[in-house]
$ cat query25.tsv   # TSV, C-alpha atoms
chain	number	residue	atom	x	y	z
W	45	MET	CA	36.12	-117.32	-25.77
W	46	ARG	CA	34.74	-118.76	-29.00
W	47	ARG	CA	36.28	-122.13	-28.18
W	48	LEU	CA	34.63	-122.09	-24.76
W	49	ILE	CA	31.23	-121.33	-26.32
W	50	PHE	CA	31.60	-124.20	-28.82
W	51	TYR	CA	32.63	-126.49	-25.97
W	52	ALA	CA	29.55	-125.52	-23.90
W	53	VAL	CA	27.21	-125.94	-26.87
W	54	GLY	CA	28.71	-129.35	-27.60
W	55	LEU	CA	28.18	-130.47	-24.02
W	56	LEU	CA	24.55	-129.31	-24.11
W	57	LEU	CA	23.90	-131.13	-27.39
W	58	ILE	CA	25.38	-134.35	-25.99
W	59	GLY	CA	23.36	-133.83	-22.81
W	60	MET	CA	20.23	-133.49	-24.96
W	61	VAL	CA	21.02	-136.78	-26.71
W	62	PHE	CA	21.54	-138.50	-23.35
W	63	ASN	CA	18.24	-137.00	-22.14
W	64	VAL	CA	16.28	-138.49	-25.03
W	65	ALA	CA	18.16	-141.80	-24.87
W	66	VAL	CA	17.49	-142.26	-21.14
W	67	GLY	CA	13.81	-141.40	-21.56
W	68	TRP	CA	13.35	-143.86	-24.41
W	69	ALA	CA	15.31	-146.51	-22.52
W	70	CYS	CA	12.83	-146.14	-19.64
W	71	VAL	CA	9.97	-146.64	-22.11
W	72	LEU	CA	11.47	-149.79	-23.61
W	73	LEU	CA	13.04	-151.41	-20.54
W	74	VAL	CA	10.97	-150.41	-17.49
W	75	PRO	CA	7.63	-152.30	-17.31
W	76	LEU	CA	4.43	-150.71	-16.08
W	77	PRO	CA	2.84	-152.23	-12.96
W	78	GLY	CA	0.91	-155.33	-13.94
W	79	HIS	CA	-1.97	-155.21	-11.44
W	80	ILE	CA	-5.19	-153.41	-12.30
W	81	LEU	CA	-5.26	-151.87	-8.80
W	82	SER	CA	-2.17	-149.88	-9.77
W	83	ILE	CA	-4.33	-147.81	-12.14
W	84	ALA	CA	-5.27	-144.52	-10.48
W	85	ARG	CA	-8.79	-143.30	-11.29
W	86	SER	CA	-9.98	-139.75	-10.69
W	87	GLU	CA	-11.88	-136.84	-12.17
W	88	PRO	CA	-9.84	-134.85	-14.70
W	89	THR	CA	-9.08	-131.22	-13.99
W	90	GLN	CA	-10.71	-128.48	-16.01
W	91	ALA	CA	-7.39	-127.78	-17.74
W	92	GLU	CA	-7.21	-131.40	-18.88
W	93	ILE	CA	-10.79	-131.30	-20.16
W	94	ASP	CA	-10.06	-128.07	-22.05
W	95	ARG	CA	-7.29	-129.88	-23.94
W	96	LEU	CA	-9.83	-132.22	-25.48
W	97	PRO	CA	-11.26	-131.42	-28.93
W	98	ARG	CA	-14.31	-129.18	-28.84
W	99	GLU	CA	-16.48	-131.74	-30.66
W	100	TRP	CA	-15.79	-134.22	-27.85
W	101	ARG	CA	-16.93	-131.78	-25.17
W	102	HIS	CA	-19.92	-130.56	-27.19
W	103	PRO	CA	-21.12	-133.50	-29.33
W	104	TYR	CA	-23.37	-132.91	-32.30
W	105	GLN	CA	-25.82	-135.69	-31.35
W	106	ARG	CA	-28.37	-135.33	-28.58
W	107	VAL	CA	-27.05	-136.66	-25.28
W	108	ASP	CA	-28.18	-136.31	-21.67
W	109	ARG	CA	-24.74	-136.32	-20.10
W	110	VAL	CA	-21.07	-136.25	-21.04
W	111	SER	CA	-18.88	-137.99	-18.46
W	112	TYR	CA	-15.12	-137.78	-18.06
W	113	GLU	CA	-12.75	-140.13	-16.30
W	114	ARG	CA	-9.01	-139.86	-15.73
W	115	ARG	CA	-6.91	-143.01	-15.46
W	116	SER	CA	-3.16	-143.15	-15.02
W	117	VAL	CA	-0.40	-145.64	-14.31
W	118	SER	CA	3.27	-144.89	-13.76
W	119	ALA	CA	6.66	-146.53	-13.32
W	120	PRO	CA	10.18	-145.14	-12.75
W	121	GLY	CA	11.00	-142.93	-15.71
W	122	LYS	CA	7.62	-143.07	-17.45
W	123	SER	CA	3.87	-142.69	-17.04
W	124	VAL	CA	0.71	-143.18	-19.10
W	125	ARG	CA	-2.45	-141.12	-18.57
W	126	ALA	CA	-5.84	-141.32	-20.27
W	127	ILE	CA	-8.83	-138.97	-20.34
W	128	PHE	CA	-11.87	-141.09	-21.17
W	129	VAL	CA	-15.03	-139.45	-22.62
W	130	ARG	CA	-18.42	-141.19	-22.64
W	131	TYR	CA	-21.82	-140.04	-23.87
W	132	ARG	CA	-24.90	-141.21	-21.97
W	133	THR	CA	-28.64	-141.04	-22.49
W	134	GLY	CA	-31.16	-141.83	-19.80
W	135	ILE	CA	-29.85	-143.22	-16.50
W	136	SER	CA	-27.23	-145.77	-17.55
W	137	HIS	CA	-27.51	-146.29	-21.29
W	138	THR	CA	-24.32	-145.46	-23.18
W	139	LEU	CA	-24.30	-144.35	-26.78
W	140	GLY	CA	-22.07	-146.55	-28.89
W	141	ARG	CA	-19.37	-143.90	-29.25
W	142	ASN	CA	-16.41	-143.18	-27.02
W	143	HIS	CA	-13.33	-141.00	-27.11
W	144	GLY	CA	-10.00	-141.16	-25.36
W	145	LEU	CA	-6.83	-139.07	-25.15
W	146	VAL	CA	-3.87	-141.18	-24.01
W	147	THR	CA	-0.74	-139.24	-23.00
W	148	TYR	CA	2.65	-140.95	-22.81
W	149	THR	CA	5.38	-139.23	-20.76
W	150	CYS	CA	8.96	-140.30	-20.07
W	151	GLY	CA	12.26	-138.98	-18.74
W	152	TRP	CA	14.54	-139.31	-15.74
W	153	PRO	CA	15.00	-137.80	-13.21
W	154	ALA	CA	12.37	-135.32	-14.45
W	155	ARG	CA	9.70	-136.02	-17.04
W	156	SER	CA	11.04	-134.45	-20.22
W	157	LEU	CA	9.21	-135.92	-23.24
W	158	THR	CA	5.53	-136.41	-23.97
W	159	GLY	CA	3.19	-137.47	-26.77
W	160	ASP	CA	-0.50	-138.26	-27.32
W	161	ALA	CA	-2.62	-140.95	-28.90
W	162	MET	CA	-6.11	-139.74	-29.78
W	163	LEU	CA	-8.97	-142.24	-30.17
W	164	ASP	CA	-11.74	-140.46	-31.99
W	165	ASP	CA	-15.28	-141.86	-32.27
W	166	VAL	CA	-14.85	-145.59	-31.66
W	167	TYR	CA	-17.71	-147.89	-30.69
W	168	TYR	CA	-15.73	-150.04	-28.28
W	169	LEU	CA	-12.54	-149.06	-26.51
W	170	THR	CA	-10.37	-152.17	-26.69
W	171	ALA	CA	-6.66	-152.82	-26.95
W	172	GLU	CA	-7.15	-153.40	-30.71
W	173	THR	CA	-8.84	-150.05	-31.32
W	174	ILE	CA	-6.16	-148.25	-29.32
W	175	GLU	CA	-3.49	-149.80	-31.49
W	176	GLY	CA	-5.26	-149.60	-34.82
W	177	LYS	CA	-7.33	-146.39	-34.74
W	178	SER	CA	-5.15	-143.99	-32.76
W	179	LYS	CA	-4.02	-140.68	-34.20
W	180	TRP	CA	-0.54	-140.06	-32.82
W	181	SER	CA	0.81	-136.62	-31.98
W	182	GLY	CA	4.26	-136.03	-30.47
W	183	ALA	CA	4.96	-139.76	-30.20
W	184	VAL	CA	5.90	-142.70	-32.42
W	185	ARG	CA	4.19	-146.04	-31.91
W	186	VAL	CA	6.69	-148.94	-31.74
W	187	PRO	CA	5.16	-151.54	-34.10
W	188	GLY	CA	4.45	-154.93	-32.58
W	189	GLN	CA	5.61	-153.93	-29.10
W	190	HIS	CA	3.50	-154.08	-25.93
W	191	GLU	CA	4.26	-153.70	-22.25
W	192	ARG	CA	5.62	-156.98	-20.91
W	193	ARG	CA	3.69	-156.85	-17.65
W	194	GLY	CA	1.60	-153.73	-18.08
W	195	MET	CA	-2.01	-152.72	-18.28
W	196	ASP	CA	-3.41	-150.22	-20.71
W	197	PRO	CA	-4.38	-147.03	-18.80
W	198	LEU	CA	-7.99	-147.71	-19.74
W	199	GLY	CA	-7.76	-151.17	-18.17
W	200	LEU	CA	-8.30	-152.94	-21.48
W	201	GLY	CA	-5.24	-155.13	-21.88
W	202	PRO	CA	-1.53	-154.86	-22.76
W	203	ALA	CA	-0.45	-151.27	-23.22
W	204	ALA	CA	1.03	-150.04	-26.48
W	205	VAL	CA	4.64	-148.88	-26.43
W	206	ALA	CA	5.22	-145.37	-27.81
W	207	LEU	CA	8.33	-143.17	-27.93
W	208	PRO	CA	7.41	-139.54	-27.09
W	209	TYR	CA	9.45	-136.78	-28.69
W	210	ARG	CA	7.66	-133.53	-27.72
W	211	PRO	CA	9.66	-131.65	-25.00
W	212	VAL	CA	8.17	-131.03	-21.57
W	213	TRP	CA	9.41	-127.82	-19.95
W	214	PRO	CA	11.22	-127.28	-17.65
W	215	GLY	CA	11.95	-131.01	-17.30
W	216	PHE	CA	13.70	-131.22	-20.69
W	217	ALA	CA	16.05	-128.35	-19.81
W	218	ILE	CA	16.74	-129.73	-16.31
W	219	ASN	CA	17.65	-133.19	-17.59
W	220	THR	CA	19.77	-131.83	-20.43
W	221	LEU	CA	21.74	-129.57	-18.08
W	222	LEU	CA	22.16	-132.39	-15.56
W	223	TYR	CA	23.58	-134.83	-18.11
W	224	ALA	CA	25.84	-132.12	-19.56
W	225	LEU	CA	27.27	-131.39	-16.09
W	226	LEU	CA	27.78	-135.10	-15.41
W	227	LEU	CA	29.60	-135.44	-18.72
W	228	LEU	CA	31.77	-132.41	-17.91
W	229	ALA	CA	32.62	-133.87	-14.50
W	230	GLY	CA	33.58	-137.19	-16.08
W	231	ILE	CA	35.78	-135.52	-18.71
W	232	THR	CA	37.48	-133.43	-16.01
W	233	VAL	CA	38.22	-136.45	-13.80
W	234	VAL	CA	39.62	-138.49	-16.70
W	235	SER	CA	41.72	-135.57	-17.98
W	236	ARG	CA	43.26	-134.80	-14.58
W	237	SER	CA	43.95	-138.47	-13.87
W	238	ARG	CA	45.67	-138.89	-17.23
W	239	ALA	CA	47.75	-135.75	-16.68
W	240	ALA	CA	48.85	-136.97	-13.22
W	241	VAL	CA	49.94	-140.36	-14.63
W	242	ARG	CA	51.96	-138.69	-17.41
W	243	LEU	CA	53.59	-136.27	-14.98
W	244	ARG	CA	54.70	-139.09	-12.67
W	245	ALA	CA	56.25	-140.81	-15.70
W	246	GLY	CA	58.27	-137.68	-16.56
W	247	LEU	CA	56.12	-136.75	-19.57
W	248	CYS	CA	54.33	-133.56	-20.51
W	249	PRO	CA	50.70	-133.81	-19.33
W	250	ALA	CA	49.53	-132.24	-22.62
W	251	CYS	CA	51.61	-133.86	-25.40
W	252	LYS	CA	53.41	-136.79	-23.67
W	253	TYR	CA	56.85	-135.44	-24.63
W	254	PRO	CA	59.67	-136.30	-22.16
W	255	ILE	CA	60.37	-133.22	-20.06
W	256	GLY	CA	62.97	-134.32	-17.54
W	257	ALA	CA	63.50	-131.57	-14.96
W	258	SER	CA	62.46	-128.67	-17.22
W	259	PRO	CA	59.62	-126.46	-15.92
W	260	ILE	CA	58.43	-125.91	-19.52
W	261	CYS	CA	57.74	-128.52	-22.17
W	262	THR	CA	60.23	-128.01	-25.01
W	263	GLU	CA	57.81	-129.60	-27.47
W	264	CYS	CA	54.52	-127.71	-26.93
W	265	GLY	CA	55.72	-124.84	-24.71
W	266	ARG	CA	53.25	-125.44	-21.88
W	267	ALA	CA	54.23	-124.91	-18.28
W	268	VAL	CA	54.72	-128.15	-16.39
W	269	PRO	CA	53.57	-128.27	-12.76
W	270	PRO	CA	56.34	-129.28	-10.35
W	271	ARG	CA	56.48	-132.95	-9.53
W	272	ARG	CA	56.36	-134.24	-6.00
W	273	HIS	CA	59.40	-136.23	-5.04
W	274	THR	CA	58.85	-139.06	-2.60
W	275	ALA	CA	61.59	-139.93	-0.13

$ encode --input "query25.tsv" --output "structure tokens"
Amino acid sequence: MRRLIFYAVGLLLIGMVFNVAVGWACVLLVPLPGHILSIARSEPTQAEIDRLPREWRHPYQRVDRVSYERRSVSAPGKSVRAIFVRYRTGISHTLGRNHGLVTYTCGWPARSLTGDAMLDDVYYLTAETIEGKSKWSGAVRVPGQHERRGMDPLGLGPAAVALPYRPVWPGFAINTLLYALLLLAGITVVSRSRAAVRLRAGLCPACKYPIGASPICTECGRAVPPRRHTA
């Protein structure tokens, strides 16, 4: 029983490693769509707004209106989403301060890892400020790397490449279990194929000792399944 538990835990740990590796491979190898029309724009939900820092939602300076915008772009195995905060006075005048919360998510087949880049109090939201002034949480910025054919979710230029490491539930558990089951199936197929080849060669399927016509291996003591004789 203890051996079975260790075996199951080992499979789950390897499945977890595969889960992270596949998610990060999607980040590094799958490009985001390169056309600006691929960026989806919408109003953020109240739950997304509530995730923002309180000082963003209730600024200390006098403003007439706080506006929010949600932009997102996705590709197989990964997605990037941004909540953009602007302060306005009068009809169209914008104060020189902006905020943005950029969320990176990856994983396949389910999204399983996520991380954030927080841009706090910048005068101009550009690709340079995103790269140089971001405060990262749950993700590691890959230095010097940008999307090959991608747009930043704010529509400002090449997107930064970040490796998320914060789990997303239940996607993390689903992917881990899936990869563990696939690994178990592969081990089972290889083990049974190897045992069948050894048995046809007159060897013990477990220890490769010659068994002849004996129903029990004289070396390891395991029962040997009967061989099929072809006419």

$ atom_distance --input "query25.tsv" --atom1 "atom CA of W:Val268" --atom2 "atom CA of W:Arg238"
14.1 Å

$ residues_around --input "query25.tsv" --residues "W:Arg266" --least-positions-apart "4" --cutoff "9 Å" --atoms "only C-alpha atoms" --output "ChimeraX atom specification"
/W:248,250,259-262

$ closest_residue --input "query25.tsv" --among "W:Thr149, W:Ser178, W:Asn63, W:Ser258" --to "W:Ser118" --atoms "all atoms listed in the file"
W:Thr149

$ atom_distance --input "query25.tsv" --atom1 "atom CA of W:Met45" --atom2 "atom CA of W:Leu225"
19.2 Å

$ closest_residue --input "query25.tsv" --among "W:Ser235, W:Trp152, W:Glu263, W:Leu228" --to "W:Ala119" --atoms "all atoms listed in the file"
W:Trp152

$ atom_distance --input "query25.tsv" --atom1 "atom CA of W:Tyr51" --atom2 "atom CA of W:Cys150"
28.0 Å

$ residues_around --input "query25.tsv" --residues "stretch 93-99 of chain W" --least-positions-apart "4" --cutoff "10 Å" --atoms "only C-alpha atoms" --output "list in words"
Glu87, Pro88, Thr89, Pro103, Tyr104, Tyr112, Glu113, Arg114, Ile127, Phe128, Val129, His143, Gly144, Leu145, Met162 and Asp164 of chain W

$ closest_residue --input "query25.tsv" --among "W:Arg244, W:Lys122, W:Lys252, W:Arg155" --to "W:Val74" --atoms "all atoms listed in the file"
W:Lys122
